[in-house]
$ cat upload.cif   # mmCIF, C-alpha atoms
data_coords
#
loop_
_atom_site.label_atom_id
_atom_site.label_comp_id
_atom_site.auth_asym_id
_atom_site.auth_seq_id
_atom_site.Cartn_x
_atom_site.Cartn_y
_atom_site.Cartn_z
CA MET A 1 -19.40 -21.68 20.31
CA SER A 2 -18.74 -23.77 17.23
CA ASP A 3 -14.97 -23.45 17.33
CA VAL A 4 -13.72 -24.64 20.66
CA TYR A 5 -10.12 -23.87 19.91
CA GLY A 6 -8.12 -20.83 18.96
CA ILE A 7 -6.75 -17.63 20.36
CA LYS A 8 -8.16 -14.18 20.92
CA VAL A 9 -6.23 -11.18 22.17
CA SER A 10 -8.14 -8.03 22.99
CA ARG A 11 -7.00 -4.47 22.85
CA GLN A 12 -6.15 -2.82 26.10
CA GLY A 13 -9.30 -1.84 27.97
CA HIS A 14 -11.51 -4.51 26.43
CA ASP A 15 -12.53 -7.86 27.89
CA VAL A 16 -11.46 -10.59 25.52
CA LYS A 17 -14.58 -12.60 26.38
CA SER A 18 -16.98 -9.90 25.25
CA ALA A 19 -14.97 -7.61 22.98
CA ALA A 20 -16.31 -6.87 19.52
CA ASP A 21 -14.15 -8.15 16.71
CA THR A 22 -12.90 -4.64 15.99
CA ASN A 23 -11.54 -4.46 19.53
CA LEU A 24 -9.43 -7.57 19.16
CA SER A 25 -5.75 -7.28 18.34
CA PHE A 26 -5.87 -10.82 17.09
CA SER A 27 -8.42 -13.56 16.61
CA SER A 28 -7.74 -16.94 15.08
CA GLU A 29 -11.38 -16.95 14.00
CA PHE A 30 -10.18 -14.87 11.07
CA ASN A 31 -7.36 -15.38 8.68
CA THR A 32 -4.28 -13.22 9.02
CA LEU A 33 -2.09 -12.13 6.13
CA LYS A 34 1.17 -13.98 6.51
CA ILE A 35 4.28 -12.82 4.71
CA ALA A 36 5.91 -15.71 2.87
CA LYS A 37 8.60 -13.87 0.95
CA ILE A 38 9.86 -10.46 0.03
CA ILE A 39 11.61 -10.46 -3.33
CA ASP A 40 13.80 -7.74 -4.76
CA MET A 41 12.77 -7.42 -8.42
CA THR A 42 15.06 -4.51 -9.19
CA THR A 43 17.15 -6.38 -11.70
CA GLU A 44 14.52 -8.97 -12.61
CA THR A 45 11.55 -9.09 -14.92
CA GLU A 46 10.40 -12.61 -14.03
CA VAL A 47 11.00 -14.66 -10.90
CA ALA A 48 9.54 -18.05 -9.93
CA HIS A 49 7.93 -17.62 -6.51
CA GLY A 50 7.68 -21.33 -5.76
CA LEU A 51 4.42 -21.13 -3.82
CA GLY A 52 2.39 -23.25 -6.21
CA TYR A 53 -0.66 -20.99 -6.19
CA ILE A 54 -1.54 -17.39 -6.95
CA PRO A 55 -0.44 -15.52 -3.85
CA THR A 56 -1.81 -12.32 -2.43
CA PHE A 57 0.82 -9.68 -3.01
CA VAL A 58 1.69 -6.03 -2.69
CA PHE A 59 4.68 -4.20 -4.01
CA LEU A 60 6.73 -1.08 -3.65
CA ARG A 61 8.37 0.47 -6.67
CA CYS A 62 10.78 3.30 -7.19
CA ASN A 63 9.16 6.41 -8.57
CA LYS A 64 12.19 8.68 -8.53
CA ALA A 65 15.56 8.34 -6.91
CA GLY A 66 14.85 7.48 -3.30
CA GLU A 67 11.08 7.83 -3.64
CA TYR A 68 8.93 4.71 -3.57
CA MET A 69 5.24 4.14 -4.17
CA MET A 70 3.07 1.22 -3.18
CA GLY A 71 1.31 -0.41 -6.09
CA ASN A 72 1.18 0.31 -9.77
CA PRO A 73 2.62 3.56 -11.02
CA PRO A 74 0.55 6.65 -11.71
CA TYR A 75 -1.13 6.63 -15.08
CA THR A 76 1.04 9.61 -15.98
CA GLU A 77 3.95 7.22 -16.01
CA GLY A 78 2.28 4.67 -18.22
CA MET A 79 2.72 1.11 -17.04
CA LEU A 80 6.35 1.44 -16.18
CA SER A 81 7.34 -1.42 -13.90
CA SER A 82 3.87 -2.71 -13.12
CA VAL A 83 4.03 -5.96 -11.19
CA TYR A 84 1.70 -8.92 -11.42
CA VAL A 85 1.71 -12.59 -10.47
CA ASP A 86 0.34 -15.92 -11.59
CA GLY A 87 0.55 -19.36 -10.05
CA THR A 88 4.19 -19.71 -10.99
CA ASN A 89 5.94 -16.38 -11.40
CA ILE A 90 6.12 -12.74 -10.47
CA TYR A 91 6.44 -10.42 -13.46
CA LYS A 92 7.63 -6.87 -13.71
CA LEU A 93 6.84 -4.89 -16.84
CA VAL A 94 9.72 -2.63 -17.68
CA ALA A 95 9.35 0.06 -20.28
CA ALA A 96 12.87 1.37 -20.16
CA ALA A 97 15.57 1.28 -17.54
CA SER A 98 15.66 -1.08 -14.62
CA VAL A 99 13.42 0.18 -11.84
CA ALA A 100 13.68 -0.84 -8.21
CA ALA A 101 10.72 -2.88 -7.03
CA TYR A 102 10.15 -5.02 -3.94
CA VAL A 103 7.35 -7.56 -3.94
CA VAL A 104 5.78 -8.91 -0.77
CA LEU A 105 4.16 -12.31 -1.28
CA PHE A 106 1.77 -13.64 1.30
CA SER A 107 1.08 -17.27 2.09
CA ASP A 108 -2.58 -16.49 1.51
CA LYS A 109 -4.09 -17.43 -1.82
CA LEU A 110 -5.45 -14.61 -3.91
CA ASP A 111 -7.95 -16.77 -5.77
CA GLU A 112 -9.64 -18.46 -2.84
CA MET B 18 12.45 -29.22 13.22
CA SER B 19 14.68 -26.20 12.98
CA SER B 20 12.44 -23.87 14.99
CA PRO B 21 11.30 -25.68 18.15
CA TYR B 22 9.17 -22.80 19.36
CA GLY B 23 6.30 -20.63 18.15
CA ILE B 24 2.63 -20.83 17.32
CA LYS B 25 0.68 -22.30 14.45
CA ILE B 26 -3.08 -22.16 14.14
CA SER B 27 -4.74 -23.98 11.27
CA LYS B 28 -7.91 -23.09 9.44
CA SER B 29 -10.91 -25.16 10.42
CA GLY B 30 -10.73 -28.54 8.73
CA HIS B 31 -6.97 -28.50 8.27
CA SER B 32 -4.28 -30.06 10.38
CA VAL B 33 -1.88 -27.68 12.02
CA TYR B 34 0.84 -30.04 10.86
CA ASP B 35 -0.05 -29.24 7.25
CA LEU B 36 3.03 -27.57 5.82
CA SER B 37 1.08 -25.30 3.49
CA GLY B 38 1.08 -21.79 4.80
CA SER B 39 -2.17 -21.04 3.00
CA ASN B 40 -4.02 -23.44 5.32
CA LEU B 41 -2.89 -21.66 8.44
CA VAL B 42 -4.62 -18.75 10.12
CA LEU B 43 -1.39 -17.83 11.85
CA SER B 44 2.16 -19.04 11.90
CA SER B 45 4.97 -17.48 13.84
CA VAL B 46 7.41 -19.04 11.39
CA GLY B 47 6.69 -16.16 9.06
CA ASN B 48 5.80 -12.57 9.67
CA THR B 49 2.53 -10.70 9.90
CA LEU B 50 1.66 -7.10 9.25
CA LYS B 51 1.99 -4.95 12.33
CA ILE B 52 0.65 -1.43 12.40
CA LYS B 53 2.99 1.18 13.81
CA VAL B 54 0.82 4.22 13.43
CA THR B 55 -2.24 5.60 11.73
CA GLY B 56 -2.89 9.27 11.15
CA THR B 57 -3.40 12.02 8.64
CA ILE B 58 -1.21 14.22 6.50
CA THR B 59 -2.67 17.51 5.37
CA ASP B 60 -1.75 19.84 2.55
CA SER B 61 -3.35 23.21 3.35
CA LEU B 62 -3.78 24.85 -0.01
CA PRO B 63 -4.51 28.50 -0.73
CA GLY B 64 -7.14 29.87 -3.05
CA GLU B 65 -5.30 30.92 -6.18
CA THR B 66 -5.37 31.29 -9.90
CA ILE B 67 -2.64 29.50 -11.75
CA PRO B 68 -1.73 31.10 -15.08
CA GLU B 69 -1.96 29.06 -18.22
CA GLU B 70 0.60 26.37 -18.81
CA THR B 71 2.04 26.56 -15.33
CA SER B 72 1.83 24.33 -12.31
CA LYS B 73 2.52 24.17 -8.60
CA LYS B 74 3.37 21.35 -6.28
CA TYR B 75 2.60 21.20 -2.56
CA THR B 76 3.99 18.62 -0.18
CA ALA B 77 3.40 17.61 3.41
CA THR B 78 5.25 14.87 5.24
CA TYR B 79 5.19 12.65 8.27
CA ALA B 80 8.47 11.23 9.60
CA HIS B 81 7.87 7.51 10.02
CA GLY B 82 10.90 6.94 12.24
CA LEU B 83 11.58 3.47 10.86
CA THR B 84 14.58 1.90 9.20
CA GLY B 85 14.40 1.33 5.46
CA LEU B 86 11.19 1.55 3.45
CA PRO B 87 8.16 0.50 5.49
CA MET B 88 4.88 -0.66 4.06
CA TYR B 89 2.13 1.94 4.07
CA TRP B 90 -1.50 2.00 3.06
CA PRO B 91 -3.39 3.00 1.03
CA ASP B 92 -1.45 3.56 -2.15
CA ILE B 93 -2.35 6.81 -3.88
CA HIS B 94 -1.65 7.53 -7.52
CA ASP B 95 -3.24 10.35 -9.45
CA ALA B 96 -6.10 10.73 -6.96
CA TYR B 97 -8.02 13.46 -8.71
CA ASN B 98 -10.05 16.19 -7.01
CA ASP B 99 -13.05 16.87 -9.19
CA ASN B 100 -13.93 19.90 -7.06
CA TYR B 101 -10.60 21.65 -7.16
CA ASP B 102 -12.26 25.06 -7.41
CA SER B 103 -14.27 24.45 -4.24
CA THR B 104 -13.49 25.29 -0.61
CA ASP B 105 -14.52 21.78 0.40
CA ASP B 106 -11.72 19.71 1.84
CA PHE B 107 -10.56 16.83 -0.31
CA ILE B 108 -10.10 13.42 1.31
CA VAL B 109 -7.50 11.77 -0.87
CA ASN B 110 -8.55 8.26 0.18
CA ASP B 111 -12.02 8.81 -1.30
CA SER B 112 -10.45 9.25 -4.69
CA ALA B 113 -7.62 6.77 -4.45
CA LYS B 114 -8.44 5.07 -7.70
CA VAL B 115 -10.09 7.90 -9.58
CA GLU B 116 -8.02 8.78 -12.56
CA PRO B 117 -8.02 12.31 -13.91
CA PRO B 118 -10.48 12.98 -16.72
CA VAL B 119 -9.32 12.63 -20.25
CA GLY B 120 -10.08 15.70 -22.28
CA PRO B 121 -8.63 18.36 -24.53
CA TYR B 122 -6.61 19.81 -21.67
CA SER B 123 -5.78 16.50 -20.14
CA PRO B 124 -4.62 13.88 -19.49
CA TRP B 125 -3.06 14.77 -16.20
CA THR B 126 -1.92 18.19 -17.13
CA SER B 127 -4.62 20.27 -15.50
CA GLY B 128 -6.62 20.35 -12.30
CA GLU B 129 -5.62 19.03 -8.88
CA TRP B 130 -4.38 15.55 -8.11
CA CYS B 131 -2.37 13.79 -5.45
CA GLU B 132 0.26 11.14 -5.03
CA VAL B 133 1.83 9.56 -1.98
CA TYR B 134 5.32 8.17 -1.75
CA ILE B 135 7.68 6.98 0.92
CA ASP B 136 11.41 7.23 1.44
CA SER B 137 13.70 6.15 4.23
CA THR B 138 12.65 9.12 6.36
CA ASN B 139 9.17 10.33 5.48
CA ILE B 140 5.86 9.48 3.96
CA THR B 141 4.95 12.36 1.69
CA LEU B 142 1.67 13.63 0.31
CA VAL B 143 2.13 15.54 -2.95
CA THR B 144 -0.63 17.70 -4.35
CA ASN B 145 -0.24 18.92 -7.91
CA ARG B 146 -2.09 21.92 -9.25
CA ALA B 147 -1.83 22.76 -12.91
CA SER B 148 -3.59 24.98 -15.39
CA ALA B 149 -4.28 23.94 -18.95
CA LEU B 150 -2.95 24.83 -22.33
CA GLY B 151 -4.16 28.36 -23.03
CA LEU B 152 -6.35 28.39 -19.96
CA ALA B 153 -5.71 29.67 -16.42
CA LEU B 154 -7.43 27.74 -13.65
CA THR B 155 -8.75 28.98 -10.33
CA PHE B 156 -8.41 26.73 -7.32
CA GLY B 157 -10.29 26.92 -4.04
CA GLU B 158 -8.74 27.27 -0.61
CA HIS B 159 -9.06 23.88 1.06
CA ASP B 160 -7.23 21.13 2.84
CA VAL B 161 -6.15 17.96 1.10
CA ILE B 162 -6.15 15.15 3.67
CA TYR B 163 -4.62 11.70 3.45
CA TYR B 164 -5.40 9.03 6.05
CA TYR B 165 -2.44 6.69 6.31
CA THR B 166 -1.49 3.44 7.95
CA ILE B 167 2.21 2.70 8.37
CA PHE B 168 3.39 -0.77 9.24
CA TYR B 169 6.50 -1.87 11.06
CA ASN B 170 7.18 -4.20 8.15
CA ARG B 171 10.11 -3.22 6.02
CA MET B 172 9.63 -3.88 2.32
CA ASP B 173 13.13 -3.36 0.94
CA GLU B 174 14.75 -6.35 2.53
CA GLU B 175 14.46 -9.81 1.02
CA VAL B 176 13.10 -12.57 3.25
CA ASP B 177 11.97 -16.14 2.69
CA TYR B 178 9.89 -17.80 5.38
CA THR B 179 8.85 -20.77 3.27
#
$ encode --input "upload.cif" --output "structure tokens"
Amino acid sequence: MSDVYGIKVSRQGHDVKSAADTNLSFSSEFNTLKIAKIIDMTTETEVAHGLGYIPTFVFLRCNKAGEYMMGNPPYTEGMLSSVYVDGTNIYKLVAAASVAAYVVLFSDKLDE
Amino acid sequence: MSSPYGIKISKSGHSVYDLSGSNLVLSSVGNTLKIKVTGTITDSLPGETIPEETSKKYTATYAHGLTGLPMYWPDIHDAYNDNYDSTDDFIVNDSAKVEPPVGPYSPWTSGEWCEVYIDSTNITLVTNRASALGLALTFGEHDVIYYYTIFYNRMDEEVDYT
């Protein structure tokens, strides 16, 4: 065993000492997505995220009143309120009115 | 140290005292994604002919039972069923990023395609069926199936763990 430190937690019914990776609830042998921030971009088109690198991210945007979709909008809606990031900022493209969007930034670098 | 409890595990070659979250495998200072439930939502669609320039919309839901707007996966936008006239079931996930064909009766105004959205109560699978300009379309009887993962993590609430 090359890594003599760390934590493994197995799923119920599996021995942590022999369980396949898929039967582990957690293993520090692998990286885990860690939420750093959730930012409400509803009234914003550009926000400095302050992480200093390009973070892994996902986002939820309003499709219709009360209805939200993960990720970029359907092509039928053009690029209304698409969200993207760089090493400094989060950007929301807005074609018309302000659209609700929530962006989850992870501590994990996207470009690594 | 404001939080005198918890766990941090660093990546190999990095000190656990490194303050950069990107060099940690796990830190209980922040939050991780936690799966609440996985399952399927099915739209059972009839065989039918839709007259020209008309459309139908079918929905099926699953009540997520969580507060606010939880994260779900995968995202589905315009997942297009190339075999809409078939009786073969359509697995939405297989076509998650397949955009409808562009053609004289398109874009996105004919055929069968799906979207998934979430609100504070349900996750909803929407299947659209539409004919084309001057052309009725016949659709096969089949199920449209979406495999979902819903997380406990709420997305509509600002947090800052940095």
$ atom_distance --input "upload.cif" --atom1 "CA of Thr155 (chain B)" --atom2 "CA of Thr104 (chain B)"
11.4 Å
$ resolve_selection --input "upload.cif" --expression "the PyMOL selection byres ((chain A) within 6 of (chain B))" --output "ChimeraX atom specification"
/A:31-32,34-39,66-70,74,102,107-108
$ closest_residue --input "upload.cif" --among "B:Tyr97, B:Tyr79, B:Tyr34, B:Phe156" --to "Leu62 (chain B)" --atoms "only C-alpha atoms"
B:Phe156
$ resolve_selection --input "upload.cif" --expression "the PyMOL selection byres ((chain A and resi 87) around 12)" --output "PDB file with C-alpha atoms, in the coordinates of the input"
ATOM      1  CA  VAL A  47      11.000 -14.660 -10.900  1.00  0.00           C
ATOM      2  CA  ALA A  48       9.540 -18.050  -9.930  1.00  0.00           C
ATOM      3  CA  HIS A  49       7.930 -17.620  -6.510  1.00  0.00           C
ATOM      4  CA  GLY A  50       7.680 -21.330  -5.760  1.00  0.00           C
ATOM      5  CA  LEU A  51       4.420 -21.130  -3.820  1.00  0.00           C
ATOM      6  CA  GLY A  52       2.390 -23.250  -6.210  1.00  0.00           C
ATOM      7  CA  TYR A  53      -0.660 -20.990  -6.190  1.00  0.00           C
ATOM      8  CA  ILE A  54      -1.540 -17.390  -6.950  1.00  0.00           C
ATOM      9  CA  PRO A  55      -0.440 -15.520  -3.850  1.00  0.00           C
ATOM     10  CA  THR A  56      -1.810 -12.320  -2.430  1.00  0.00           C
ATOM     11  CA  PHE A  57       0.820  -9.680  -3.010  1.00  0.00           C
ATOM     12  CA  TYR A  84       1.700  -8.920 -11.420  1.00  0.00           C
ATOM     13  CA  VAL A  85       1.710 -12.590 -10.470  1.00  0.00           C
ATOM     14  CA  ASP A  86       0.340 -15.920 -11.590  1.00  0.00           C
ATOM     15  CA  THR A  88       4.190 -19.710 -10.990  1.00  0.00           C
ATOM     16  CA  ASN A  89       5.940 -16.380 -11.400  1.00  0.00           C
ATOM     17  CA  ILE A  90       6.120 -12.740 -10.470  1.00  0.00           C
ATOM     18  CA  TYR A  91       6.440 -10.420 -13.460  1.00  0.00           C
ATOM     19  CA  LEU A 105       4.160 -12.310  -1.280  1.00  0.00           C
ATOM     20  CA  LYS A 109      -4.090 -17.430  -1.820  1.00  0.00           C
ATOM     21  CA  LEU A 110      -5.450 -14.610  -3.910  1.00  0.00           C
ATOM     22  CA  ASP A 111      -7.950 -16.770  -5.770  1.00  0.00           C
TER      23      ASP A 111
END
$ resolve_selection --input "upload.cif" --expression "the PyMOL selection byres ((chain A and resi 7) around 7)" --output "PyMOL selection string"
chain A and resi 6+8-9+27-28
$ atom_distance --input "upload.cif" --atom1 "CA of Tyr169 (chain B)" --atom2 "CA of Trp130 (chain B)"
28.1 Å
$ closest_residue --input "upload.cif" --among "B:Ile162, B:Leu154, B:Ile108, B:Leu83" --to "Gly64 (chain B)" --atoms "only C-alpha atoms"
B:Leu154
$ atom_distance --input "upload.cif" --atom1 "CA of Arg146 (chain B)" --atom2 "CA of Glu70 (chain B)"
10.9 Å
$ closest_residue --input "upload.cif" --among "B:Gly56, B:Glu129, B:Gly23, B:Tyr165" --to "Phe107 (chain B)" --atoms "all atoms listed in the file"
B:Glu129
$ closest_residue --input "upload.cif" --among "B:Ser112, B:Val33, B:Glu158, B:Ala77" --to "Asn98 (chain B)" --atoms "all atoms listed in the file"
B:Ser112
